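Enquirer: My structure is stored as coords-v1.txt, with compact mmCIF, C-alpha atoms.
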# COMPACT_ATOMS: atom_id res chain seq x y z
CA MET A 1 0.23 -10.82 24.31
CA THR A 2 -2.90 -9.32 25.80
CA ASP A 3 -2.65 -10.54 29.41
CA LEU A 4 -0.17 -8.56 31.49
CA GLN A 5 0.49 -11.30 34.04
CA GLU A 6 1.19 -13.82 31.27
CA ALA A 7 3.56 -11.34 29.64
CA ARG A 8 5.26 -10.59 32.98
CA LEU A 9 5.77 -14.31 33.64
CA ALA A 10 7.19 -14.79 30.14
CA VAL A 11 9.68 -11.96 30.65
CA GLU A 12 10.67 -13.27 34.08
CA ALA A 13 11.12 -16.79 32.69
CA ALA A 14 13.26 -15.56 29.79
CA ARG A 15 15.29 -13.37 32.12
CA SER A 16 15.87 -16.32 34.49
CA VAL A 17 17.49 -18.26 31.66
CA SER A 18 19.94 -15.50 30.77
CA SER A 19 20.79 -12.06 32.01
CA GLU A 20 22.61 -11.33 28.75
CA VAL A 21 20.08 -12.25 26.06
CA PRO A 22 17.83 -9.29 25.18
CA VAL A 23 14.20 -9.82 26.15
CA ILE A 24 11.56 -8.13 24.01
CA ALA A 25 8.01 -7.80 25.31
CA ALA A 26 5.21 -6.70 22.99
CA MET A 27 1.53 -6.48 23.75
CA THR A 28 -1.52 -5.89 21.58
CA PHE A 29 -3.55 -2.75 22.25
CA ASP A 30 -6.92 -1.56 21.00
CA ARG A 31 -8.02 2.05 20.68
CA THR A 32 -10.70 2.99 23.21
CA PRO A 33 -12.28 6.34 24.10
CA ARG A 34 -9.82 6.47 27.04
CA GLY A 35 -6.72 5.61 24.99
CA PHE A 36 -5.03 2.33 24.12
CA PHE A 37 -5.72 -0.76 26.24
CA THR A 38 -5.36 -4.52 25.85
CA ILE A 39 -8.56 -6.56 25.72
CA MET A 40 -7.80 -7.33 29.38
CA GLY A 41 -7.95 -3.61 30.24
CA VAL A 42 -4.21 -2.99 30.57
CA SER A 43 -2.97 0.47 29.62
CA VAL A 44 0.30 1.20 27.87
CA ALA A 45 1.63 2.74 31.09
CA GLN A 46 0.69 -0.33 33.14
CA ALA A 47 2.28 -2.64 30.59
CA ALA A 48 5.46 -0.60 30.40
CA GLY A 49 5.89 -0.36 34.16
CA THR A 50 5.23 -4.03 34.84
CA LEU A 51 7.30 -5.41 31.96
CA GLU A 52 10.24 -3.08 32.60
CA ALA A 53 10.23 -4.13 36.28
CA ALA A 54 10.12 -7.78 35.20
CA GLY A 55 13.34 -7.31 33.23
CA ALA A 56 12.33 -6.59 29.64
CA ASP A 57 14.99 -4.83 27.58
CA VAL A 58 12.67 -3.68 24.76
CA LEU A 59 8.97 -2.82 24.97
CA GLY A 60 6.29 -2.24 22.40
CA SER A 61 3.31 -3.49 20.50
CA ASN A 62 2.43 -5.86 17.72
CA CYS A 63 -0.71 -6.90 15.90
CA GLY A 64 -4.22 -5.56 16.21
CA GLN A 65 -3.62 -2.16 14.65
CA GLY A 66 -2.59 -0.56 11.41
CA ILE A 67 0.45 1.66 11.17
CA ASP A 68 -1.24 4.98 12.03
CA ALA A 69 -2.57 3.68 15.34
CA MET A 70 0.79 2.10 16.08
CA VAL A 71 2.46 5.50 15.78
CA GLU A 72 0.15 6.65 18.57
CA VAL A 73 0.92 3.53 20.63
CA ALA A 74 4.64 4.19 20.20
CA ARG A 75 4.19 7.77 21.43
CA ALA A 76 2.28 6.48 24.45
CA PHE A 77 5.12 4.09 25.27
CA ARG A 78 7.72 6.82 24.85
CA GLU A 79 5.88 8.94 27.41
CA VAL A 80 6.34 6.26 30.09
CA THR A 81 9.61 4.48 29.33
CA SER A 82 13.10 5.19 28.08
CA LEU A 83 13.68 1.58 26.98
CA PRO A 84 14.08 0.83 23.28
CA LEU A 85 10.74 0.34 21.52
CA ILE A 86 9.51 -2.23 19.01
CA ILE A 87 6.47 -1.73 16.77
CA GLN A 88 5.10 -4.44 14.48
CA ALA A 89 1.90 -3.17 12.86
CA ASN A 90 -0.64 -5.07 10.85
CA ALA A 91 -1.07 -3.98 7.26
CA GLY A 92 -4.31 -2.37 8.40
CA GLN A 93 -7.50 -3.93 9.69
CA PRO A 94 -8.47 -7.01 7.67
CA GLU A 95 -11.39 -6.69 5.26
CA ILE A 96 -13.21 -9.27 3.19
CA HIS A 97 -13.25 -8.57 -0.54
CA GLY A 98 -14.76 -11.13 -2.89
CA GLY A 99 -14.58 -13.80 -0.19
CA ALA A 100 -10.86 -13.17 0.42
CA LEU A 101 -9.23 -11.62 3.47
CA VAL A 102 -7.38 -8.45 2.44
CA TYR A 103 -5.17 -6.14 4.48
CA PRO A 104 -5.55 -2.67 2.95
CA GLU A 105 -2.28 -0.94 3.92
CA THR A 106 0.21 -1.12 1.07
CA PRO A 107 3.97 -1.29 1.51
CA ASP A 108 4.25 2.38 0.45
CA PHE A 109 1.52 3.44 2.88
CA MET A 110 3.27 1.76 5.80
CA ALA A 111 6.71 2.98 4.75
CA ALA A 112 5.44 6.57 4.67
CA ARG A 113 4.88 6.36 8.46
CA VAL A 114 8.38 5.14 9.31
CA GLY A 115 9.63 8.68 9.98
CA SER A 116 6.89 9.17 12.57
CA LEU A 117 7.84 5.91 14.28
CA LEU A 118 11.49 6.91 14.38
CA GLU A 119 10.56 10.34 15.76
CA ALA A 120 8.58 8.56 18.49
CA GLY A 121 11.76 6.71 19.44
CA VAL A 122 11.06 3.31 17.92
CA SER A 123 14.23 1.25 17.50
CA ILE A 124 12.78 -1.89 15.88
CA ILE A 125 10.13 -1.70 13.16
CA GLY A 126 8.58 -4.82 11.70
CA GLY A 127 5.28 -6.13 10.48
CA CYS A 128 2.55 -8.42 11.70
CA CYS A 129 -0.66 -9.71 10.11
CA GLY A 130 -1.01 -8.94 6.44
CA THR A 131 2.53 -7.70 5.94
CA THR A 132 4.55 -9.28 3.19
CA PRO A 133 8.21 -9.29 2.21
CA ASP A 134 7.36 -6.23 0.08
CA HIS A 135 6.15 -4.39 3.20
CA ILE A 136 9.34 -5.21 5.07
CA ARG A 137 11.52 -4.15 2.13
CA ALA A 138 9.64 -0.83 1.92
CA ILE A 139 9.98 -0.28 5.68
CA ARG A 140 13.70 -1.05 5.48
CA ALA A 141 14.16 1.39 2.59
CA ALA A 142 12.27 4.07 4.53
CA VAL A 143 14.40 3.53 7.64
CA THR A 144 17.55 3.81 5.52
CA ALA A 145 16.27 6.99 3.82
CA CYS A 146 15.34 8.57 7.18
CA ARG A 147 18.73 7.73 8.66
CA ASN A 148 20.49 9.17 5.60
CA GLN A 149 18.49 12.39 6.08
CA GLY A 150 19.50 12.54 9.72
CA ALA A 151 16.11 11.60 11.21
Would you put the structure from the file into structure tokens?

Expert:
Amino acid sequence: MTDLQEARLAVEAARSVSSEVPVIAAMTFDRTPRGFFTIMGVSVAQAAGTLEAAGADVLGSNCGQGIDAMVEVARAFREVTSLPLIIQANAGQPEIHGGALVYPETPDFMAARVGSLLEAGVSIIGGCCGTTPDHIRAIRAAVTACRNQGA
């Protein structure tokens, strides 16, 4: 989501249905000269505070950014919340090559950043636009390797 009030209402609605089912709230942020903000001007800190108060159990970001920017978004979230974090990056920014839409970040490229996400405190790592089953398999293998190394 990009609108904080819409996201807050969604969390509150989900929470009203069950106090036991985990509620995950993810927003899309863009890099600006002042840091990461939604297209509606919401900062990571504003999103975290509002969505945590609304009852979210997990906070984070999806879509809009490639994996490197999402590492920075995760760090920004970790500075303002102790809740578990979710990150679902695009496979990079889409490009047009030969008339086809291509996402440039390969499974290996994304998997190489998993350690940084885990160090930032991310608990759930997935993929958004442009990711394929190969991306998810590579991310899973990287998570397993990091955990086996004690990261």

Enquirer: Could you check the closest approach to Gln149 (chain A) for each of A:Gly115, A:Thr131, A:Ala10, A:Gln46 and tell me which residue wins, using all atoms listed in the file?

Expert: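 Going through A:Gly115, A:Thr131, A:Ala10, A:Gln46 one by one, the smallest distance to Gln149 (chain A) is for A:Gly115.
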
Enquirer: Looking at only C-alpha atoms, which of A:Ile125, A:Val17, A:Ala45, A:Val11 is the one that sits closest to Arg113 (chain A)?

Expert: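 With only C-alpha atoms as the atom set, the closest residue is A:Ile125.
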
Enquirer: What's the 8 Å shell around region 27-42 of chain A, counting only C-alpha atoms, without same-chain residues fewer than 6 positions away, as a list in words?

Expert: Met1, Thr2, Asp3, Leu4, Ala7, Gly60, Ser61, Asn62, Cys63, Gly64, Gln65, Ala69 and Val73 of chain A

Enquirer: Please indicate the distance in Å from CA of Thr50 (chain A) to CA of Ala89 (chain A), rounded to one decimal place.

Expert: 22.2 Å

Enquirer: Between CA of Arg15 (chain A) and CA of Asp57 (chain A), what is the distance, to one decimal in Å?

Expert: 9.7 Å

Enquirer: Just give me the gap between CA of Ser43 (chain A) and CA of Ser123 (chain A) in Å, one decimal is fine.

Expert: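 Result for CA of Ser43 (chain A) versus CA of Ser123 (chain A): 21.1 Å, one decimal.
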
Enquirer: If we count all atoms listed in the file, what is near Gly130 (chain A) at a cut-off of 10 Å, once residues fewer than 3 positions away on the same chain are taken out, given as a ChimeraX atom specification?

Expert: /A:63,66,89-94,101-106,127,135

Enquirer: Which of these, A:Arg147, A:Asp108, A:Gly49, A:Ala56, has the shortest distance to Thr81 (chain A) once you count all atoms listed in the file?

Expert: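 Closest residue, counting all atoms listed in the file: A:Gly49.
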
Enquirer: For Cys129 (chain A), which residue out of A:Gly55, A:Ser16, A:Arg75, A:Ile67 is the nearest one, using all atoms listed in the file?

Expert: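 Closest candidate: A:Ile67.
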
Enquirer: Rank nothing, just name the residue among A:Glu52, A:Glu95, A:Glu119, A:Asp68 nearest to Glu12 (chain A), using only C-alpha atoms.

Expert: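 Closest residue, counting only C-alpha atoms: A:Glu52.
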
Enquirer: Near Cys146 (chain A), within 12 Å and counting only C-alpha atoms, which residues show up once chain neighbours fewer than 4 positions away are dropped, as a ChimeraX atom specification?

Expert: /A:111-119,139-142,150-151

Enquirer: Give me the residues within 12 Å of Leu83 (chain A) as a ChimeraX atom specification, counting all atoms listed in the file and dropping any in the same chain fewer than 2 places off.

Expert: /A:22-25,48-49,51-53,55-60,74,77-81,85-86,121-124

Enquirer: Nearest to Thr132 (chain A): which of A:Asn148, A:Met110, A:Ile87, A:Ala120 is it, counting all atoms listed in the file?

Expert: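 Nearest to Thr132 (chain A): A:Met110.
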
Enquirer: Place all heavy atoms on region 69-80 of chain A and deliver the coordinates as a CSV table (one decimal), keeping the file's coordinate frame.

Expert:
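In the end it all went to out.csv:
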chain,number,residue,atom,x,y,z
A,69,ALA,N,-2.3,3.9,13.9
A,69,ALA,CA,-2.6,3.7,15.3
A,69,ALA,C,-1.3,3.3,16.1
A,69,ALA,O,-1.1,3.7,17.2
A,69,ALA,CB,-3.7,2.6,15.5
A,70,MET,N,-0.4,2.5,15.4
A,70,MET,CA,0.8,2.1,16.1
A,70,MET,C,1.7,3.3,16.3
A,70,MET,O,2.5,3.3,17.3
A,70,MET,CB,1.5,1.0,15.3
A,70,MET,CG,0.8,-0.3,15.4
A,70,MET,SD,0.8,-1.0,17.1
A,70,MET,CE,1.0,-2.7,16.7
A,71,VAL,N,1.7,4.3,15.5
A,71,VAL,CA,2.5,5.5,15.8
A,71,VAL,C,2.0,6.1,17.1
A,71,VAL,O,2.8,6.5,17.9
A,71,VAL,CB,2.3,6.5,14.6
A,71,VAL,CG1,2.9,7.9,15.0
A,71,VAL,CG2,3.0,6.0,13.3
A,72,GLU,N,0.7,6.1,17.3
A,72,GLU,CA,0.2,6.6,18.6
A,72,GLU,C,0.5,5.8,19.8
A,72,GLU,O,0.9,6.3,20.8
A,72,GLU,CB,-1.4,6.8,18.5
A,72,GLU,CG,-1.8,7.8,17.5
A,72,GLU,CD,-3.4,7.8,17.4
A,72,GLU,OE1,-4.0,8.0,18.5
A,72,GLU,OE2,-3.9,7.7,16.3
A,73,VAL,N,0.5,4.4,19.6
A,73,VAL,CA,0.9,3.5,20.6
A,73,VAL,C,2.4,3.8,21.0
A,73,VAL,O,2.8,3.8,22.2
A,73,VAL,CB,0.7,2.1,20.2
A,73,VAL,CG1,1.3,1.1,21.2
A,73,VAL,CG2,-0.8,1.8,20.1
A,74,ALA,N,3.2,3.9,20.0
A,74,ALA,CA,4.6,4.2,20.2
A,74,ALA,C,4.8,5.5,21.0
A,74,ALA,O,5.6,5.5,21.9
A,74,ALA,CB,5.4,4.3,18.9
A,75,ARG,N,4.1,6.5,20.7
A,75,ARG,CA,4.2,7.8,21.4
A,75,ARG,C,3.8,7.6,22.9
A,75,ARG,O,4.4,8.1,23.8
A,75,ARG,CB,3.3,8.8,20.8
A,75,ARG,CG,3.9,9.3,19.4
A,75,ARG,CD,3.1,10.3,18.8
A,75,ARG,NE,3.6,10.8,17.5
A,75,ARG,CZ,2.9,11.0,16.4
A,75,ARG,NH1,1.6,11.0,16.4
A,75,ARG,NH2,3.5,11.4,15.3
A,76,ALA,N,2.7,6.8,23.1
A,76,ALA,CA,2.3,6.5,24.4
A,76,ALA,C,3.4,5.7,25.2
A,76,ALA,O,3.6,6.0,26.4
A,76,ALA,CB,1.0,5.7,24.4
A,77,PHE,N,4.0,4.8,24.6
A,77,PHE,CA,5.1,4.1,25.3
A,77,PHE,C,6.2,5.1,25.6
A,77,PHE,O,6.8,5.0,26.7
A,77,PHE,CB,5.6,2.9,24.4
A,77,PHE,CG,5.0,1.6,24.7
A,77,PHE,CD1,4.1,1.1,23.9
A,77,PHE,CD2,5.4,0.9,25.8
A,77,PHE,CE1,3.5,-0.2,24.2
A,77,PHE,CE2,4.9,-0.3,26.1
A,77,PHE,CZ,3.9,-0.9,25.3
A,78,ARG,N,6.6,5.9,24.6
A,78,ARG,CA,7.7,6.8,24.8
A,78,ARG,C,7.5,7.8,26.0
A,78,ARG,O,8.4,8.2,26.7
A,78,ARG,CB,8.0,7.6,23.6
A,78,ARG,CG,9.2,8.5,23.6
A,78,ARG,CD,10.5,7.9,24.2
A,78,ARG,NE,11.0,6.8,23.4
A,78,ARG,CZ,11.5,5.6,23.9
A,78,ARG,NH1,11.6,5.4,25.2
A,78,ARG,NH2,11.9,4.7,23.1
A,79,GLU,N,6.2,8.1,26.3
A,79,GLU,CA,5.9,8.9,27.4
A,79,GLU,C,6.2,8.3,28.8
A,79,GLU,O,6.3,9.0,29.8
A,79,GLU,CB,4.4,9.3,27.4
A,79,GLU,CG,4.1,10.3,26.3
A,79,GLU,CD,2.6,10.7,26.2
A,79,GLU,OE1,1.8,10.3,27.2
A,79,GLU,OE2,2.2,11.3,25.2
A,80,VAL,N,6.2,6.9,28.8
A,80,VAL,CA,6.3,6.3,30.1
A,80,VAL,C,7.6,5.4,30.3
A,80,VAL,O,7.8,4.8,31.3
A,80,VAL,CB,5.1,5.4,30.4
A,80,VAL,CG1,3.8,6.3,30.5
A,80,VAL,CG2,4.8,4.4,29.3
